[in-house]
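S.K.: File name work.cif; file contents mmCIF, C-alpha atoms; full text below.
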data_start
#
loop_
_atom_site.label_atom_id
_atom_site.label_comp_id
_atom_site.auth_asym_id
_atom_site.auth_seq_id
_atom_site.Cartn_x
_atom_site.Cartn_y
_atom_site.Cartn_z
CA MET A 1 -119.37 83.86 63.16
CA ALA A 2 -118.33 85.36 66.49
CA LYS A 3 -116.22 88.49 66.70
CA ALA A 4 -112.70 87.88 67.93
CA LYS A 5 -111.65 89.88 70.97
CA MET A 6 -109.05 92.56 70.36
CA THR A 7 -105.73 92.13 72.09
CA GLN A 8 -104.23 94.93 74.17
CA ALA A 9 -101.80 95.79 71.34
CA GLN A 10 -104.64 95.95 68.80
CA LYS A 11 -106.60 98.26 71.11
CA ALA A 12 -103.55 100.50 71.53
CA LYS A 13 -103.02 100.64 67.75
CA ALA A 14 -106.67 101.47 67.13
CA ALA A 15 -106.48 104.25 69.72
CA SER A 16 -103.33 105.71 68.16
CA ASP A 17 -104.80 105.52 64.65
CA ALA A 18 -107.91 107.42 65.75
CA LYS A 19 -108.32 111.09 64.93
CA ALA A 20 -107.31 113.13 68.01
CA MET A 21 -108.89 116.58 67.71
CA ILE A 22 -106.81 119.57 68.84
CA ALA A 23 -108.76 122.60 67.57
CA ARG A 24 -111.82 123.34 65.46
CA ASN A 25 -112.63 126.60 63.68
CA LYS A 26 -116.35 127.02 64.38
CA LYS A 27 -116.22 130.65 63.25
CA ALA A 28 -115.28 129.55 59.71
CA LEU A 29 -118.36 127.32 59.45
CA HIS A 30 -120.50 130.25 60.59
CA ASP A 31 -118.94 132.83 58.25
CA TYR A 32 -118.39 130.73 55.08
CA PHE A 33 -119.96 128.15 52.80
CA ILE A 34 -117.37 125.35 52.46
CA ASP A 35 -117.18 124.02 48.88
CA ASP A 36 -114.23 121.59 48.98
CA ARG A 37 -112.18 120.11 51.80
CA PHE A 38 -108.57 118.94 51.80
CA GLU A 39 -106.33 117.30 54.38
CA ALA A 40 -102.83 118.75 54.65
CA GLY A 41 -99.78 117.93 56.73
CA LEU A 42 -97.91 120.59 58.68
CA VAL A 43 -94.19 121.34 58.91
CA LEU A 44 -93.62 121.87 62.64
CA SER A 45 -90.71 122.15 65.06
CA GLY A 46 -90.37 120.02 68.20
CA THR A 47 -91.81 122.52 70.67
CA GLU A 48 -94.78 123.17 68.37
CA VAL A 49 -95.62 119.47 68.35
CA LYS A 50 -95.30 119.27 72.14
CA ALA A 51 -97.60 122.27 72.58
CA LEU A 52 -100.13 120.67 70.21
CA ARG A 53 -99.97 117.39 72.14
CA MET A 54 -101.01 119.40 75.20
CA GLY A 55 -104.10 120.39 73.17
CA ARG A 56 -103.26 124.06 72.82
CA ALA A 57 -103.90 125.83 69.51
CA SER A 58 -106.27 128.32 67.91
CA LEU A 59 -107.46 128.53 64.31
CA THR A 60 -109.95 131.40 64.63
CA GLU A 61 -107.75 134.12 63.10
CA ALA A 62 -105.91 131.86 60.63
CA TRP A 63 -106.04 131.76 56.83
CA ILE A 64 -104.12 130.02 54.04
CA GLU A 65 -102.17 131.58 51.19
CA VAL A 66 -100.63 129.97 48.12
CA ASP A 67 -97.46 131.83 47.08
CA ARG A 68 -95.92 132.30 43.63
CA ARG A 69 -93.84 129.15 43.93
CA GLY A 70 -96.97 127.08 44.47
CA GLU A 71 -96.43 126.46 48.20
CA ALA A 72 -99.29 126.71 50.70
CA TRP A 73 -98.75 128.49 54.03
CA ILE A 74 -101.00 128.80 57.06
CA ILE A 75 -100.82 132.28 58.56
CA GLY A 76 -102.18 133.45 61.89
CA MET A 77 -102.55 130.04 63.52
CA ASN A 78 -101.68 130.42 67.19
CA ILE A 79 -99.73 127.63 68.86
CA PRO A 80 -98.83 128.97 72.34
CA VAL A 81 -95.25 128.73 73.57
CA TYR A 82 -94.36 125.37 75.11
CA ALA A 83 -93.95 125.91 78.86
CA MET A 84 -91.05 123.46 79.27
CA GLY A 85 -89.21 124.79 76.21
CA SER A 86 -85.93 126.65 76.43
CA TRP A 87 -84.26 129.08 74.06
CA THR A 88 -85.33 126.77 71.19
CA ASN A 89 -89.01 127.64 71.68
CA HIS A 90 -91.09 128.65 68.64
CA ARG A 91 -92.94 131.86 67.81
CA PRO A 92 -96.67 131.43 68.56
CA THR A 93 -98.06 132.92 65.32
CA ALA A 94 -95.31 131.95 62.89
CA LYS A 95 -96.09 131.25 59.23
CA ARG A 96 -96.16 127.44 58.79
CA LYS A 97 -95.86 125.42 55.59
CA LEU A 98 -98.60 123.01 54.52
CA LEU A 99 -97.85 119.70 52.83
CA LEU A 100 -100.16 118.91 49.91
CA HIS A 101 -99.98 117.08 46.59
CA LYS A 102 -99.10 119.17 43.53
CA ASP A 103 -102.54 118.79 41.93
CA GLU A 104 -104.22 119.87 45.18
CA LEU A 105 -101.93 122.91 45.39
CA ASP A 106 -102.78 123.83 41.79
CA GLU A 107 -106.51 123.56 42.49
CA LEU A 108 -106.18 125.67 45.65
CA ALA A 109 -104.20 128.33 43.79
CA VAL A 110 -106.74 128.58 40.97
CA ARG A 111 -109.81 128.59 43.23
CA SER A 112 -108.38 131.12 45.69
CA ARG A 113 -107.83 133.61 42.86
CA GLU A 114 -111.52 133.47 41.89
CA LYS A 115 -113.67 136.30 43.15
CA GLY A 116 -115.30 135.65 46.51
CA TYR A 117 -113.25 132.57 47.41
CA THR A 118 -110.72 132.09 50.18
CA ILE A 119 -108.98 129.18 51.87
CA VAL A 120 -109.61 128.67 55.59
CA PRO A 121 -108.46 126.06 58.12
CA LEU A 122 -111.34 124.04 59.59
CA GLU A 123 -109.80 121.50 61.98
CA LEU A 124 -106.41 120.69 63.48
CA TYR A 125 -105.85 117.13 64.67
CA PHE A 126 -103.41 114.25 65.03
CA LEU A 127 -103.88 111.28 62.74
CA ARG A 128 -101.60 108.28 63.29
CA GLY A 129 -99.19 110.49 65.24
CA ARG A 130 -98.92 113.20 62.58
CA ALA A 131 -100.33 116.71 62.84
CA LYS A 132 -102.89 117.37 60.11
CA VAL A 133 -105.06 120.34 59.24
CA GLU A 134 -108.32 120.14 57.31
CA ILE A 135 -108.66 123.12 55.02
CA GLY A 136 -111.61 124.26 52.96
CA ILE A 137 -112.22 126.38 49.90
CA ALA A 138 -114.82 128.81 51.16
CA ARG A 139 -117.26 131.43 49.89
CA GLY A 140 -118.26 134.21 52.27
CA LYS A 141 -121.80 134.28 53.65
CA GLN A 142 -123.95 137.38 53.65
CA GLU A 143 -125.58 138.45 56.92
CA TRP A 144 -128.95 137.01 55.86
CA ASP A 145 -127.27 133.66 55.04
CA LYS A 146 -125.93 133.51 58.59
CA ARG A 147 -129.35 134.26 60.06
CA GLU A 148 -130.95 131.62 57.84
CA THR A 149 -128.39 129.01 58.92
CA LEU A 150 -128.97 129.81 62.60
CA LYS A 151 -132.74 129.60 62.09
CA ARG A 152 -132.40 126.22 60.36
CA LYS A 153 -130.24 124.88 63.23
CA GLN A 154 -132.71 126.14 65.81
CA ASP A 155 -135.66 124.56 63.96
CA LYS A 156 -133.82 121.24 63.73
CA ARG A 157 -133.01 121.36 67.45
CA GLU A 158 -136.67 122.03 68.32
CA THR A 159 -137.94 119.16 66.14
CA ASP A 160 -135.36 116.80 67.67
CA ARG A 161 -136.51 117.80 71.16
CA ALA A 162 -140.15 117.26 70.21
CA LEU A 163 -139.40 113.83 68.74
CA ALA A 164 -137.41 112.86 71.82
CA GLU A 165 -140.33 113.94 74.04
CA VAL A 166 -142.77 111.86 71.97
CA ARG A 167 -140.49 108.81 72.19
CA ARG A 168 -140.16 109.29 75.95
CA ARG A 169 -143.95 109.34 76.36
CA GLN A 170 -144.39 106.18 74.28
CA ARG A 171 -142.23 104.12 76.66
#
Reformat the file's structure so that it appears as structure tokens.
M.R.:
Amino acid sequence: MAKAKMTQAQKAKAASDAKAMIARNKKALHDYFIDDRFEAGLVLSGTEVKALRMGRASLTEAWIEVDRRGEAWIIGMNIPVYAMGSWTNHRPTAKRKLLLHKDELDELAVRSREKGYTIVPLELYFLRGRAKVEIGIARGKQEWDKRETLKRKQDKRETDRALAEVRRRQR
């Protein structure tokens, strides 16, 4: 059975449904072991969304807290001021609310209180036109863990290069 060609509208819908990456927190993956991952929505103002659509944000200094009322907040995320904004512009490092299900919030609250665990943002992206943040429950790495991870990555890179060279010679 032959594949049907996609119409222009179907292509546009597929493109809008795709995950559009804004920012990634590479430092978190280097400094922490990620145990669980969750996807959360963000409560944003208009100028924050416009600044994100321009692809401007930073997650490197951000963390997540769950308050006494059971609400999750992202603190330290930097969304630069929107250049075309007026007096209604937002504060770049404002505390922003995360939207999660109640059972996810409960799990985050319990796990973040355990010794050695924290909640960090991993990725910020648009999914079907909505701003989402992927958060992870993380355990801190020791210095030797970081060195071991880097060594493993380097070894994998070298073996991939060697395999690619062998394949190139076989052609």
S.K.: Every residue with an atom at most 8 Å from (-101.8, 133.3, 57.5) (file coordinates; all atoms listed in the file) is what I'm after, so could you write them as a list in words?
M.R.: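 The residues that fall inside the cut-off are Ala62, Trp63, Ile64, Glu65, Trp73, Ile74, Ile75, Gly76, Met77 and Lys95 of chain A.
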S.K.: For CA of Ile79 in chain A and CA of Phe126 in chain A, determine how far apart the two atoms are, in Å to one decimal place.
M.R.: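 That distance, rounded to one decimal, is 14.4 Å.
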S.K.: What separation in Å, quoted to one decimal, exists between CA of Glu134 in chain A and CA of Ser45 in chain A?
M.R.: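 Pair CA of Glu134 in chain A / CA of Ser45 in chain A returns 19.3 Å.
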S.K.: Would you kindly translate the PyMOL selection byres ((chain A and resi 100) around 6) into the concrete residues it picks from this file, as an NGL selection string?
M.R.: :A and (40 or 99 or 101)
S.K.: Quick one: write out the picked residues with C-alpha atoms as a PDB file, in the frame of the given file?
M.R.:
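As a result, again-v1.pdb now contains:
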ATOM      1  CA  ALA A  40    -102.830 118.750  54.650  1.00  0.00           C
ATOM      2  CA  LEU A  99     -97.850 119.700  52.830  1.00  0.00           C
ATOM      3  CA  HIS A 101     -99.980 117.080  46.590  1.00  0.00           C
TER       4      HIS A 101
END
S.K.: Expand the PyMOL selection byres ((chain A and resi 122) around 6) into the explicit residue set it covers here, and present it as number ranges by chain.
M.R.: A: 24-25, 121, 123, 134-135
S.K.: Let me see the file: selected residues, C-alpha atoms, as a PDB file, keeping the file's coordinate frame.
M.R.:
ATOM      1  CA  ARG A  24    -111.820 123.340  65.460  1.00  0.00           C
ATOM      2  CA  ASN A  25    -112.630 126.600  63.680  1.00  0.00           C
ATOM      3  CA  PRO A 121    -108.460 126.060  58.120  1.00  0.00           C
ATOM      4  CA  GLU A 123    -109.800 121.500  61.980  1.00  0.00           C
ATOM      5  CA  GLU A 134    -108.320 120.140  57.310  1.00  0.00           C
ATOM      6  CA  ILE A 135    -108.660 123.120  55.020  1.00  0.00           C
TER       7      ILE A 135
END
S.K.: Could you tell me which of A:Arg113, A:Leu108, A:Gly41, A:Thr60 comes closest to Arg96 in chain A if we count all atoms listed in the file?
M.R.: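 Closest candidate: A:Gly41.
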S.K.: Quick one: of A:Glu48, A:Glu148, A:Glu165, A:Glu143, who's nearest to Ala94 in chain A, counting only C-alpha atoms?
M.R.: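 Selected residue with least distance to Ala94 in chain A: A:Glu48.
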S.K.: What is the CA of Arg130 in chain A-CA of Leu42 in chain A distance in Å, reported with one decimal?
M.R.: 8.4 Å
S.K.: Which one of A:Arg169, A:Glu61, A:Leu127, A:Val81 sits closest to Ala28 in chain A if you count only C-alpha atoms?
M.R.: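 Closest to Ala28 in chain A, using only C-alpha atoms: A:Glu61.
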S.K.: Tell me which of A:Thr149, A:Thr159, A:Thr47, A:Ser58 sits closest to Met84 in chain A, counting all atoms listed in the file.
M.R.: A:Thr47
S.K.: Kindly resolve the PyMOL selection byres ((chain A and resi 66) around 10) on the present coordinates and return the residues as a PyMOL selection string.
M.R.: chain A and resi 64-65+67-74+97-98+105-106+108-110+112-113+119
S.K.: Neighbours of Tyr117 in chain A within 7 Å (all atoms listed in the file; same-chain residues fewer than 3 positions away dropped), as a ChimeraX atom specification?
M.R.: /A:111-112,114,137-139
S.K.: Keeping only C-alpha atoms, write the selected residues to a file as a compact mmCIF listing (two decimals), in the coordinates of the input.
M.R.:
# COMPACT_ATOMS: atom_id res chain seq x y z
CA ARG A 111 -109.81 128.59 43.23
CA SER A 112 -108.38 131.12 45.69
CA GLU A 114 -111.52 133.47 41.89
CA ILE A 137 -112.22 126.38 49.90
CA ALA A 138 -114.82 128.81 51.16
CA ARG A 139 -117.26 131.43 49.89
S.K.: Closest to Arg56 in chain A among A:Lys27, A:Leu124, A:Ala12, A:Glu104, using only C-alpha atoms?
M.R.: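 Once distances to Arg56 in chain A are computed over only C-alpha atoms, the minimum belongs to A:Leu124.
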S.K.: Excluding Gly140 in chain A and any residue of its chain fewer than 2 positions from it, enumerate the residues within 10 Å of it, using only C-alpha atoms, and give them as a VMD selection string.
M.R.: chain A and resid 28 to 34 116 to 118 138 142 to 143 145 to 146
S.K.: Skip Ala18 in chain A itself and residues of its chain fewer than 2 positions away, then list as an MDAnalysis selection string all residues within 7 Å of it, counting all atoms listed in the file.
M.R.: chainID A and resid 14:16 20 127:128
S.K.: Could you save those same residues with C-alpha atoms as an mmCIF file, in the frame of the given file?
M.R.:
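Output (again14.cif):
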data_model
loop_
_atom_site.group_PDB
_atom_site.id
_atom_site.type_symbol
_atom_site.label_atom_id
_atom_site.label_comp_id
_atom_site.auth_asym_id
_atom_site.auth_seq_id
_atom_site.Cartn_x
_atom_site.Cartn_y
_atom_site.Cartn_z
ATOM 1 C CA ALA A 14 -106.670 101.470 67.130
ATOM 2 C CA ALA A 15 -106.480 104.250 69.720
ATOM 3 C CA SER A 16 -103.330 105.710 68.160
ATOM 4 C CA ALA A 20 -107.310 113.130 68.010
ATOM 5 C CA LEU A 127 -103.880 111.280 62.740
ATOM 6 C CA ARG A 128 -101.600 108.280 63.290
#
S.K.: Restore all heavy atoms in range 62-73 of chain A and list the result as a tab-separated table (two decimals), in the coordinates of the input.
M.R.:
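Generated output (part00.tsv):
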chain	number	residue	atom	x	y	z
A	62	ALA	N	-106.83	132.39	61.63
A	62	ALA	CA	-105.91	131.86	60.63
A	62	ALA	C	-106.52	131.84	59.23
A	62	ALA	O	-107.74	131.77	59.06
A	62	ALA	CB	-105.48	130.45	61.02
A	63	TRP	N	-105.65	131.90	58.23
A	63	TRP	CA	-106.04	131.76	56.83
A	63	TRP	C	-104.88	131.10	56.08
A	63	TRP	O	-103.79	130.97	56.61
A	63	TRP	CB	-106.43	133.09	56.21
A	63	TRP	CG	-105.29	134.02	55.94
A	63	TRP	CD1	-104.61	134.16	54.78
A	63	TRP	CD2	-104.68	134.93	56.86
A	63	TRP	NE1	-103.62	135.10	54.91
A	63	TRP	CE2	-103.64	135.59	56.18
A	63	TRP	CE3	-104.89	135.25	58.20
A	63	TRP	CZ2	-102.83	136.54	56.79
A	63	TRP	CZ3	-104.09	136.20	58.80
A	63	TRP	CH2	-103.08	136.83	58.09
A	64	ILE	N	-105.14	130.71	54.83
A	64	ILE	CA	-104.12	130.02	54.04
A	64	ILE	C	-103.86	130.81	52.77
A	64	ILE	O	-104.79	131.30	52.13
A	64	ILE	CB	-104.59	128.59	53.71
A	64	ILE	CG1	-104.46	127.73	54.97
A	64	ILE	CG2	-103.72	127.95	52.66
A	64	ILE	CD1	-105.62	127.08	55.44
A	65	GLU	N	-102.58	130.92	52.42
A	65	GLU	CA	-102.17	131.58	51.19
A	65	GLU	C	-101.35	130.60	50.36
A	65	GLU	O	-100.59	129.80	50.91
A	65	GLU	CB	-101.31	132.80	51.49
A	65	GLU	CG	-102.06	133.98	52.01
A	65	GLU	CD	-101.17	135.19	52.22
A	65	GLU	OE1	-99.94	135.11	51.95
A	65	GLU	OE2	-101.70	136.22	52.65
A	66	VAL	N	-101.47	130.72	49.05
A	66	VAL	CA	-100.63	129.97	48.12
A	66	VAL	C	-99.73	130.99	47.45
A	66	VAL	O	-100.20	131.92	46.80
A	66	VAL	CB	-101.47	129.20	47.08
A	66	VAL	CG1	-100.57	128.42	46.14
A	66	VAL	CG2	-102.46	128.28	47.77
A	67	ASP	N	-98.40	130.82	47.62
A	67	ASP	CA	-97.46	131.83	47.08
A	67	ASP	C	-97.15	131.57	45.61
A	67	ASP	O	-97.68	130.65	44.99
A	67	ASP	CB	-96.19	131.90	47.94
A	67	ASP	CG	-95.38	130.62	47.92
A	67	ASP	OD1	-95.70	129.69	47.14
A	67	ASP	OD2	-94.41	130.53	48.69
A	68	ARG	N	-96.27	132.39	45.05
A	68	ARG	CA	-95.92	132.30	43.63
A	68	ARG	C	-95.25	130.99	43.25
A	68	ARG	O	-95.35	130.54	42.13
A	68	ARG	CB	-94.99	133.44	43.25
A	68	ARG	CG	-95.63	134.78	43.30
A	68	ARG	CD	-94.65	135.83	42.92
A	68	ARG	NE	-95.22	137.15	43.16
A	68	ARG	CZ	-94.53	138.24	43.15
A	68	ARG	NH1	-93.23	138.21	42.90
A	68	ARG	NH2	-95.10	139.39	43.37
A	69	ARG	N	-94.52	130.42	44.21
A	69	ARG	CA	-93.84	129.15	43.93
A	69	ARG	C	-94.76	127.95	44.04
A	69	ARG	O	-94.33	126.82	43.86
A	69	ARG	CB	-92.66	128.98	44.89
A	69	ARG	CG	-91.54	129.98	44.62
A	69	ARG	CD	-90.43	129.77	45.58
A	69	ARG	NE	-90.87	130.28	46.88
A	69	ARG	CZ	-90.12	130.31	47.96
A	69	ARG	NH1	-88.91	129.84	47.93
A	69	ARG	NH2	-90.59	130.79	49.09
A	70	GLY	N	-96.02	128.18	44.38
A	70	GLY	CA	-96.97	127.08	44.47
A	70	GLY	C	-96.95	126.38	45.81
A	70	GLY	O	-97.39	125.24	45.93
A	71	GLU	N	-96.45	127.04	46.86
A	71	GLU	CA	-96.43	126.46	48.20
A	71	GLU	C	-97.55	127.07	49.02
A	71	GLU	O	-97.83	128.26	48.92
A	71	GLU	CB	-95.09	126.73	48.89
A	71	GLU	CG	-93.92	126.05	48.20
A	71	GLU	CD	-92.60	126.42	48.84
A	71	GLU	OE1	-92.51	127.47	49.51
A	71	GLU	OE2	-91.66	125.64	48.69
A	72	ALA	N	-98.20	126.23	49.84
A	72	ALA	CA	-99.29	126.71	50.70
A	72	ALA	C	-98.75	126.97	52.10
A	72	ALA	O	-97.96	126.18	52.63
A	72	ALA	CB	-100.41	125.69	50.75
A	73	TRP	N	-99.19	128.08	52.70
A	73	TRP	CA	-98.75	128.49	54.03
A	73	TRP	C	-99.98	128.83	54.87
A	73	TRP	O	-100.90	129.46	54.39
A	73	TRP	CB	-97.86	129.72	53.95
A	73	TRP	CG	-96.61	129.48	53.19
A	73	TRP	CD1	-96.44	129.58	51.83
A	73	TRP	CD2	-95.35	129.09	53.70
A	73	TRP	NE1	-95.15	129.28	51.49
A	73	TRP	CE2	-94.46	128.98	52.63
A	73	TRP	CE3	-94.88	128.84	54.99
A	73	TRP	CZ2	-93.13	128.61	52.79
A	73	TRP	CZ3	-93.55	128.48	55.15
A	73	TRP	CH2	-92.69	128.37	54.06
